[in-house]
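Asker: Got a file for you: query.pdb, PDB, C-alpha atoms.
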MODEL        1
ATOM      1  CA  PRO A  44      77.902  66.556  45.181
ATOM      2  CA  CYS A  45      78.151  70.381  45.149
ATOM      3  CA  SER A  46      81.307  70.503  47.252
ATOM      4  CA  VAL A  47      84.223  72.573  46.038
ATOM      5  CA  PRO A  48      87.442  70.570  46.525
ATOM      6  CA  SER A  49      89.760  72.927  44.650
ATOM      7  CA  LEU A  50      89.768  75.756  42.154
ATOM      8  CA  SER A  51      89.867  75.018  38.460
ATOM      9  CA  PRO A  52      93.043  73.516  37.020
ATOM     10  CA  GLN A  53      94.233  74.412  33.535
ATOM     11  CA  ILE A  54      92.067  72.972  30.775
ATOM     12  CA  GLY A  55      93.899  71.988  27.601
ATOM     13  CA  SER A  56      91.083  70.112  25.878
ATOM     14  CA  TYR A  57      87.533  68.964  26.471
ATOM     15  CA  ARG A  58      88.981  65.735  27.916
ATOM     16  CA  ASP A  59      90.199  67.776  30.913
ATOM     17  CA  ILE A  60      86.707  68.981  31.833
ATOM     18  CA  SER A  61      85.586  67.355  35.068
ATOM     19  CA  HIS A  62      83.391  68.097  38.072
ATOM     20  CA  GLU A  63      86.500  69.382  39.838
ATOM     21  CA  SER A  64      87.620  71.566  36.931
ATOM     22  CA  LEU A  65      84.194  73.232  36.894
ATOM     23  CA  SER A  66      84.305  74.008  40.622
ATOM     24  CA  LEU A  67      84.926  77.730  40.080
ATOM     25  CA  PHE A  68      81.544  78.055  38.382
ATOM     26  CA  ARG A  69      79.843  76.608  41.463
ATOM     27  CA  LEU A  70      81.402  79.364  43.596
ATOM     28  CA  LEU A  71      80.055  82.319  41.624
ATOM     29  CA  GLU A  72      77.673  84.705  43.333
ATOM     30  CA  PRO A  73      75.056  85.419  42.322
ATOM     31  CA  ARG A  74      74.619  81.758  41.454
ATOM     32  CA  ILE A  75      74.577  81.089  37.716
ATOM     33  CA  GLU A  76      71.649  79.354  36.002
ATOM     34  CA  ILE A  77      73.538  78.141  32.978
ATOM     35  CA  LEU A  78      77.118  77.376  32.053
ATOM     36  CA  VAL A  79      77.992  77.568  28.371
ATOM     37  CA  LEU A  80      81.031  75.483  27.471
ATOM     38  CA  GLY A  81      82.875  75.966  24.187
ATOM     39  CA  THR A  82      84.887  72.868  23.296
ATOM     40  CA  GLY A  83      86.994  74.288  20.462
ATOM     41  CA  ASP A  84      86.361  73.750  16.762
ATOM     42  CA  ARG A  85      83.807  70.998  17.321
ATOM     43  CA  VAL A  86      81.085  70.084  19.761
ATOM     44  CA  GLU A  87      82.529  67.369  21.991
ATOM     45  CA  ARG A  88      80.645  65.067  24.334
ATOM     46  CA  LEU A  89      81.328  65.509  28.016
ATOM     47  CA  HIS A  90      81.080  62.627  30.436
ATOM     48  CA  PRO A  91      77.408  62.265  31.441
ATOM     49  CA  THR A  92      78.389  62.200  35.118
ATOM     50  CA  VAL A  93      79.872  65.700  34.852
ATOM     51  CA  LEU A  94      76.657  67.050  33.344
ATOM     52  CA  LYS A  95      74.544  65.265  35.967
ATOM     53  CA  GLN A  96      76.647  66.637  38.834
ATOM     54  CA  MET A  97      76.286  70.193  37.566
ATOM     55  CA  ARG A  98      72.498  69.758  37.191
ATOM     56  CA  GLU A  99      72.377  68.492  40.776
ATOM     57  CA  CYS A 100      74.010  71.786  41.789
ATOM     58  CA  GLY A 101      71.283  73.701  39.959
ATOM     59  CA  ILE A 102      73.418  74.654  36.951
ATOM     60  CA  ALA A 103      72.373  73.748  33.419
ATOM     61  CA  VAL A 104      75.256  73.083  31.021
ATOM     62  CA  GLU A 105      75.173  73.858  27.299
ATOM     63  CA  VAL A 106      78.059  72.371  25.288
ATOM     64  CA  GLN A 107      78.811  73.873  21.872
ATOM     65  CA  ASP A 108      81.731  74.611  19.594
ATOM     66  CA  THR A 109      83.471  77.747  20.864
ATOM     67  CA  PRO A 110      82.233  80.267  18.251
ATOM     68  CA  ASN A 111      78.613  79.252  18.897
ATOM     69  CA  ALA A 112      79.206  79.150  22.656
ATOM     70  CA  CYS A 113      80.340  82.792  22.505
ATOM     71  CA  ALA A 114      77.192  83.764  20.620
ATOM     72  CA  THR A 115      74.975  81.829  23.047
ATOM     73  CA  PHE A 116      76.662  83.433  26.060
ATOM     74  CA  ASN A 117      76.199  86.910  24.567
ATOM     75  CA  PHE A 118      72.541  86.177  23.839
ATOM     76  CA  LEU A 119      71.896  84.853  27.356
ATOM     77  CA  THR A 120      73.564  87.798  29.069
ATOM     78  CA  GLY A 121      71.716  90.176  26.747
ATOM     79  CA  GLU A 122      68.518  88.580  28.058
ATOM     80  CA  LYS A 123      69.757  89.259  31.634
ATOM     81  CA  ARG A 124      70.198  85.536  32.358
ATOM     82  CA  LEU A 125      72.723  84.529  35.015
ATOM     83  CA  ALA A 126      75.207  82.770  32.750
ATOM     84  CA  ALA A 127      78.916  82.007  32.654
ATOM     85  CA  ALA A 128      81.130  80.627  29.899
ATOM     86  CA  GLY A 129      84.122  78.311  29.818
ATOM     87  CA  LEU A 130      85.783  78.537  26.424
ATOM     88  CA  ILE A 131      88.543  76.463  24.829
ATOM     89  CA  PRO A 132      90.040  78.347  21.871
ATOM     90  CA  PRO A 133      89.227  76.840  18.458
TER      91      PRO A 133
ENDMDL
END
Is it possible to express this structure as structure tokens?
Answerer:
Amino acid sequence: PCSVPSLSPQIGSYRDISHESLSLFRLLEPRIEILVLGTGDRVERLHPTVLKQMRECGIAVEVQDTPNACATFNFLTGEKRLAAAGLIPP
């Protein structure tokens, strides 16, 4: 489940977020602990399978609206956590 079939395609909306589109985050070294996803103006639900697959790879996923995702990412990195962010503009 942690295979990397291709690098991330363009993401136009939260509907485009998939296990494949998140593959870049699974390649990062050092390995990230948490991925913060900003889904635009609103918090959007991601498919549960996508979240489960990322957890199986050892990466927690936090989904928020983009302004809050930015703040969360800044907080996590300020705490020296290994975090990454994927942000869709609001």
Asker: For a quick check of your reading of the model, name the residues lying within 12 Å of the coordinate (81.0, 67.0, 36.5), counting all atoms listed in the file, and write them as a ChimeraX atom specification.
Answerer: /A:44-47,58-69,78,89-100,102-104
Asker: Once the PyMOL selection byres ((chain A and resi 110) around 9) has been applied to the shown file, what residues remain in the selection, as a PyMOL selection string?
Answerer: chain A and resi 81+83-84+107-109+111-115+132-133
Asker: For each of A:Val106, A:Ala127, A:Gly55, A:Gly121, take the minimum atom-to-atom distance to A:Glu87, counting all atoms listed in the file, then give the residue where this is smallest.
Answerer: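 Closest candidate: A:Val106.
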Asker: Looking at all atoms listed in the file, which of A:Phe118, A:Ala128, A:Tyr57, A:Lys123 is the one that sits closest to A:Val79?
Answerer: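 When distances to A:Val79 are compared using all atoms listed in the file, the smallest one comes from A:Ala128.
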Asker: Please indicate the distance in Å from atom CA of A:Ser56 to atom CA of A:Glu122, rounded to one decimal place.
Answerer: 29.2 Å
Asker: Listed atoms of stretch 116-122 of chain A, axis-aligned box, 5 Å per side: centre and edge lengths to one decimal in Å, as lines of an AutoDock Vina configuration file?
Answerer:
center_x = 72.6
center_y = 86.8
center_z = 26.5
size_x = 18.1
size_y = 16.7
size_z = 15.2
Asker: Figure out the distance between atom CA of A:Pro73 and atom CA of A:Arg88, please, to one decimal in Å.
Answerer: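 Atom CA of A:Arg88 sits 27.7 Å away from atom CA of A:Pro73.
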Asker: I'd like the residues picked by the PyMOL selection byres ((chain A and resi 76) around 8) written out as a PyMOL selection string, using the chain letters and numbers from the file.
Answerer: chain A and resi 74-75+77-78+101-103+124-126
Asker: Smallest atom-to-atom distance to A:Arg85: which of A:Ile54, A:Leu70, A:Ile131, A:Thr120, using only C-alpha atoms?
Answerer: A:Ile131
